[in-house]
Amino acid sequence: MSSARIYRPSKDPSQSGLARTKQWLLEFDQTAPRETDPLMGWTGSSDMLQQVRLEFDTKEEAVAYATRAGIAYRVEEAKPQTLRKGLSYSDNFKFNRTAPWTH
C-alpha cells in the first residue's frame, strides 16, 4: 500500500469565501510516473490511487481511517490565517494618511 498525506486545503485565492477549507483530505502519493501519450500528447498514469481523494470532518477521523486501513500517512498542518484590516476605497484619499501619496 502506498503512503498518503492528510491535510486541510487552503483558501482558493481567486475567491473570497472559505468554502471547501473546513474538511480534511486524505490523498495518496504518486507511486508510478506519469506517461505521455504519443498520439495526443495527454499525460496519464497507471496508478489509480492518484484519483482517490477522501474527505473527513476532523483530522482525528482521517488519522483513524489511515491507521485502520494500514496506510502510511503524514499530516501537514496549515499555517494559521492572518486577519487583514479591511479598508474602504475612501481611505485612500484621507487627509490624515500615515503613508505618503505615491501617484
# chains A, B, ... in the order shown; residues from 1 in each chain; ligands from 1
call {"tool": "closest_atom_pairs", "arguments": {"of": "range 30-99 of chain A", "to": "range 9-17 of chain A", "cutoff": "10 Å", "atoms": "only C-alpha atoms", "output": "tab-separated table"}}
result
residue	atom	partner	partner_atom	distance
A:Glu76	CA	A:Pro9	CA	9.9
A:Glu77	CA	A:Pro9	CA	9.8
A:Ala78	CA	A:Ser10	CA	7.5
A:Lys79	CA	A:Ser10	CA	9.1
A:Gln81	CA	A:Ser10	CA	9.4
call {"tool": "select_by_dssp", "arguments": {"residues": "range 6-45 of chain A", "states": "strand (DSSP E or B)", "output": "PyMOL selection string"}}
result
chain A and resi 6-7+24-28+35-36+43-44
call {"tool": "write_last_selection", "arguments": {"atoms": "all heavy atoms", "output": "JSON list (two decimals), in the first residue's frame"}}
result
[["chain", "number", "residue", "atom", "x", "y", "z"],
["A", 6, "ILE", "N", -2.33, 13.74, 4.75],
["A", 6, "ILE", "CA", -3.56, 14.25, 5.33],
["A", 6, "ILE", "C", -3.35, 15.74, 5.53],
["A", 6, "ILE", "O", -2.39, 16.16, 6.20],
["A", 6, "ILE", "CB", -3.88, 13.55, 6.65],
["A", 6, "ILE", "CG1", -4.10, 12.06, 6.41],
["A", 6, "ILE", "CG2", -5.09, 14.18, 7.31],
["A", 6, "ILE", "CD1", -4.22, 11.24, 7.67],
["A", 7, "TYR", "N", -4.22, 16.54, 4.95],
["A", 7, "TYR", "CA", -4.06, 17.99, 5.05],
["A", 7, "TYR", "C", -5.41, 18.67, 4.95],
["A", 7, "TYR", "O", -6.42, 18.07, 4.61],
["A", 7, "TYR", "CB", -3.13, 18.51, 3.96],
["A", 7, "TYR", "CG", -3.70, 18.43, 2.56],
["A", 7, "TYR", "CD1", -4.23, 19.54, 1.96],
["A", 7, "TYR", "CD2", -3.73, 17.23, 1.86],
["A", 7, "TYR", "CE1", -4.78, 19.48, 0.69],
["A", 7, "TYR", "CE2", -4.25, 17.16, 0.59],
["A", 7, "TYR", "CZ", -4.78, 18.29, 0.01],
["A", 7, "TYR", "OH", -5.32, 18.21, -1.24],
["A", 24, "TRP", "N", -10.92, 17.90, 6.05],
["A", 24, "TRP", "CA", -9.58, 17.34, 5.98],
["A", 24, "TRP", "C", -9.55, 16.34, 4.84],
["A", 24, "TRP", "O", -10.49, 15.57, 4.66],
["A", 24, "TRP", "CB", -9.21, 16.66, 7.30],
["A", 24, "TRP", "CG", -8.88, 17.65, 8.37],
["A", 24, "TRP", "CD1", -9.76, 18.29, 9.18],
["A", 24, "TRP", "CD2", -7.59, 18.12, 8.72],
["A", 24, "TRP", "NE1", -9.10, 19.13, 10.03],
["A", 24, "TRP", "CE2", -7.76, 19.05, 9.78],
["A", 24, "TRP", "CE3", -6.31, 17.85, 8.27],
["A", 24, "TRP", "CZ2", -6.70, 19.70, 10.36],
["A", 24, "TRP", "CZ3", -5.24, 18.50, 8.87],
["A", 24, "TRP", "CH2", -5.44, 19.42, 9.89],
["A", 25, "LEU", "N", -8.50, 16.35, 4.04],
["A", 25, "LEU", "CA", -8.39, 15.48, 2.88],
["A", 25, "LEU", "C", -7.29, 14.45, 3.08],
["A", 25, "LEU", "O", -6.26, 14.73, 3.67],
["A", 25, "LEU", "CB", -8.09, 16.29, 1.62],
["A", 25, "LEU", "CG", -9.13, 17.31, 1.21],
["A", 25, "LEU", "CD1", -8.66, 18.07, -0.01],
["A", 25, "LEU", "CD2", -10.44, 16.64, 0.93],
["A", 26, "LEU", "N", -7.53, 13.26, 2.55],
["A", 26, "LEU", "CA", -6.52, 12.21, 2.50],
["A", 26, "LEU", "C", -6.27, 11.90, 1.03],
["A", 26, "LEU", "O", -7.19, 11.48, 0.33],
["A", 26, "LEU", "CB", -6.99, 10.96, 3.23],
["A", 26, "LEU", "CG", -5.97, 9.82, 3.33],
["A", 26, "LEU", "CD1", -6.05, 9.20, 4.70],
["A", 26, "LEU", "CD2", -6.17, 8.78, 2.28],
["A", 27, "GLU", "N", -5.06, 12.19, 0.55],
["A", 27, "GLU", "CA", -4.69, 11.93, -0.84],
["A", 27, "GLU", "C", -3.48, 11.01, -0.86],
["A", 27, "GLU", "O", -2.55, 11.17, -0.07],
["A", 27, "GLU", "CB", -4.34, 13.23, -1.57],
["A", 27, "GLU", "CG", -5.53, 14.08, -1.88],
["A", 27, "GLU", "CD", -5.15, 15.31, -2.69],
["A", 27, "GLU", "OE1", -3.94, 15.62, -2.77],
["A", 27, "GLU", "OE2", -6.05, 15.94, -3.23],
["A", 28, "PHE", "N", -3.49, 10.07, -1.77],
["A", 28, "PHE", "CA", -2.39, 9.13, -1.90],
["A", 28, "PHE", "C", -1.25, 9.75, -2.71],
["A", 28, "PHE", "O", -1.48, 10.54, -3.63],
["A", 28, "PHE", "CB", -2.86, 7.83, -2.56],
["A", 28, "PHE", "CG", -3.76, 7.03, -1.68],
["A", 28, "PHE", "CD1", -5.14, 7.16, -1.76],
["A", 28, "PHE", "CD2", -3.24, 6.16, -0.74],
["A", 28, "PHE", "CE1", -5.97, 6.43, -0.94],
["A", 28, "PHE", "CE2", -4.07, 5.43, 0.08],
["A", 28, "PHE", "CZ", -5.43, 5.56, -0.01],
["A", 35, "GLU", "N", 2.98, 9.21, -17.77],
["A", 35, "GLU", "CA", 3.43, 8.88, -19.12],
["A", 35, "GLU", "C", 2.71, 9.78, -20.11],
["A", 35, "GLU", "O", 1.55, 10.11, -19.93],
["A", 35, "GLU", "CB", 3.12, 7.41, -19.42],
["A", 35, "GLU", "CG", 3.76, 6.46, -18.43],
["A", 35, "GLU", "CD", 3.01, 5.14, -18.33],
["A", 35, "GLU", "OE1", 1.94, 5.02, -18.95],
["A", 35, "GLU", "OE2", 3.49, 4.26, -17.63],
["A", 36, "THR", "N", 3.41, 10.14, -21.18],
["A", 36, "THR", "CA", 2.83, 10.97, -22.21],
["A", 36, "THR", "C", 2.33, 10.09, -23.35],
["A", 36, "THR", "O", 3.07, 9.24, -23.85],
["A", 36, "THR", "CB", 3.86, 11.98, -22.75],
["A", 36, "THR", "OG1", 4.37, 12.73, -21.65],
["A", 36, "THR", "CG2", 3.24, 12.92, -23.74],
["A", 43, "THR", "N", -1.16, 13.42, -20.72],
["A", 43, "THR", "CA", -0.41, 12.69, -19.70],
["A", 43, "THR", "C", -1.37, 11.82, -18.91],
["A", 43, "THR", "O", -2.52, 12.18, -18.68],
["A", 43, "THR", "CB", 0.31, 13.66, -18.74],
["A", 43, "THR", "OG1", -0.65, 14.50, -18.14],
["A", 43, "THR", "CG2", 1.34, 14.48, -19.48],
["A", 44, "GLY", "N", -0.88, 10.67, -18.51],
["A", 44, "GLY", "CA", -1.69, 9.75, -17.73],
["A", 44, "GLY", "C", -0.79, 8.86, -16.90],
["A", 44, "GLY", "O", 0.44, 8.91, -16.99]]
call {"tool": "atom_distance", "arguments": {"atom1": "CA of Ala19 in chain A", "atom2": "CA of Tyr89 in chain A"}}
result
26.3 Å
call {"tool": "closest_residue", "arguments": {"among": "A:Ser3, A:Thr21, A:Ser46, A:Gln30", "to": "Ile71 in chain A", "atoms": "only C-alpha atoms"}}
result
A:Ser3
call {"tool": "residues_around", "arguments": {"residues": "Gly70 in chain A", "least_positions_apart": "2", "cutoff": "12 Å", "atoms": "only C-alpha atoms", "output": "ChimeraX atom specification"}}
result
/A:1-4,63-68,72-73
call {"tool": "write_last_selection", "arguments": {"atoms": "N, CA, C and O atoms", "output": "JSON list (two decimals), in the first residue's frame"}}
result
[["chain", "number", "residue", "atom", "x", "y", "z"],
["A", 1, "MET", "N", 0.85, -1.18, 0.00],
["A", 1, "MET", "CA", 0.00, 0.00, 0.00],
["A", 1, "MET", "C", 0.89, 1.24, 0.00],
["A", 1, "MET", "O", 1.93, 1.27, 0.65],
["A", 2, "SER", "N", 0.51, 2.26, -0.72],
["A", 2, "SER", "CA", 1.32, 3.46, -0.81],
["A", 2, "SER", "C", 1.04, 4.39, 0.38],
["A", 2, "SER", "O", 0.12, 4.17, 1.16],
["A", 3, "SER", "N", 1.82, 5.42, 0.46],
["A", 3, "SER", "CA", 1.65, 6.37, 1.56],
["A", 3, "SER", "C", 0.66, 7.47, 1.13],
["A", 3, "SER", "O", 0.36, 7.63, -0.05],
["A", 4, "ALA", "N", 0.19, 8.20, 2.11],
["A", 4, "ALA", "CA", -0.80, 9.25, 1.85],
["A", 4, "ALA", "C", -0.46, 10.47, 2.68],
["A", 4, "ALA", "O", 0.30, 10.41, 3.64],
["A", 63, "VAL", "N", -6.88, 10.35, 10.47],
["A", 63, "VAL", "CA", -5.78, 9.55, 11.01],
["A", 63, "VAL", "C", -6.29, 8.17, 11.43],
["A", 63, "VAL", "O", -5.63, 7.15, 11.19],
["A", 64, "ALA", "N", -7.47, 8.12, 12.03],
["A", 64, "ALA", "CA", -8.04, 6.82, 12.44],
["A", 64, "ALA", "C", -8.30, 5.94, 11.24],
["A", 64, "ALA", "O", -8.05, 4.73, 11.28],
["A", 65, "TYR", "N", -8.80, 6.51, 10.15],
["A", 65, "TYR", "CA", -9.04, 5.72, 8.94],
["A", 65, "TYR", "C", -7.73, 5.19, 8.38],
["A", 65, "TYR", "O", -7.64, 4.03, 7.98],
["A", 66, "ALA", "N", -6.70, 6.03, 8.33],
["A", 66, "ALA", "CA", -5.42, 5.60, 7.77],
["A", 66, "ALA", "C", -4.79, 4.49, 8.62],
["A", 66, "ALA", "O", -4.25, 3.53, 8.06],
["A", 67, "THR", "N", -4.87, 4.58, 9.92],
["A", 67, "THR", "CA", -4.29, 3.53, 10.76],
["A", 67, "THR", "C", -5.12, 2.25, 10.66],
["A", 67, "THR", "O", -4.56, 1.15, 10.65],
["A", 68, "ARG", "N", -6.44, 2.38, 10.58],
["A", 68, "ARG", "CA", -7.30, 1.21, 10.45],
["A", 68, "ARG", "C", -7.07, 0.48, 9.13],
["A", 68, "ARG", "O", -7.10, -0.74, 9.07],
["A", 72, "ALA", "N", 0.34, 4.13, 5.42],
["A", 72, "ALA", "CA", 1.34, 5.04, 5.98],
["A", 72, "ALA", "C", 0.93, 6.46, 5.62],
["A", 72, "ALA", "O", 0.58, 6.75, 4.47],
["A", 73, "TYR", "N", 0.96, 7.36, 6.58],
["A", 73, "TYR", "CA", 0.47, 8.71, 6.34],
["A", 73, "TYR", "C", 1.38, 9.74, 6.98],
["A", 73, "TYR", "O", 2.20, 9.44, 7.83]]
call {"tool": "atom_distance", "arguments": {"atom1": "CA of Gln50 in chain A", "atom2": "CA of Arg5 in chain A"}}
result
11.6 Å
call {"tool": "select_by_dssp", "arguments": {"residues": "range 16-84 of chain A", "states": "alpha helix (DSSP H)", "output": "PDB file with C-alpha atoms, in the first residue's frame"}}
result
ATOM      1  CA  LYS A  59      -8.077  15.334  11.447  1.00  0.00           C
ATOM      2  CA  GLU A  60      -8.601  12.595  14.012  1.00  0.00           C
ATOM      3  CA  GLU A  61     -11.090  10.817  11.744  1.00  0.00           C
ATOM      4  CA  ALA A  62      -8.617  10.879   8.843  1.00  0.00           C
ATOM      5  CA  VAL A  63      -5.781   9.547  11.015  1.00  0.00           C
ATOM      6  CA  ALA A  64      -8.036   6.824  12.443  1.00  0.00           C
ATOM      7  CA  TYR A  65      -9.043   5.725   8.943  1.00  0.00           C
ATOM      8  CA  ALA A  66      -5.418   5.604   7.773  1.00  0.00           C
ATOM      9  CA  THR A  67      -4.294   3.526  10.757  1.00  0.00           C
ATOM     10  CA  ARG A  68      -7.300   1.214  10.454  1.00  0.00           C
ATOM     11  CA  ALA A  69      -6.601   0.642   6.745  1.00  0.00           C
TER      12      ALA A  69
END
call {"tool": "closest_residue", "arguments": {"among": "A:Arg34, A:Lys85, A:Arg74, A:Lys22", "to": "Glu55 in chain A", "atoms": "only C-alpha atoms"}}
result
A:Lys22
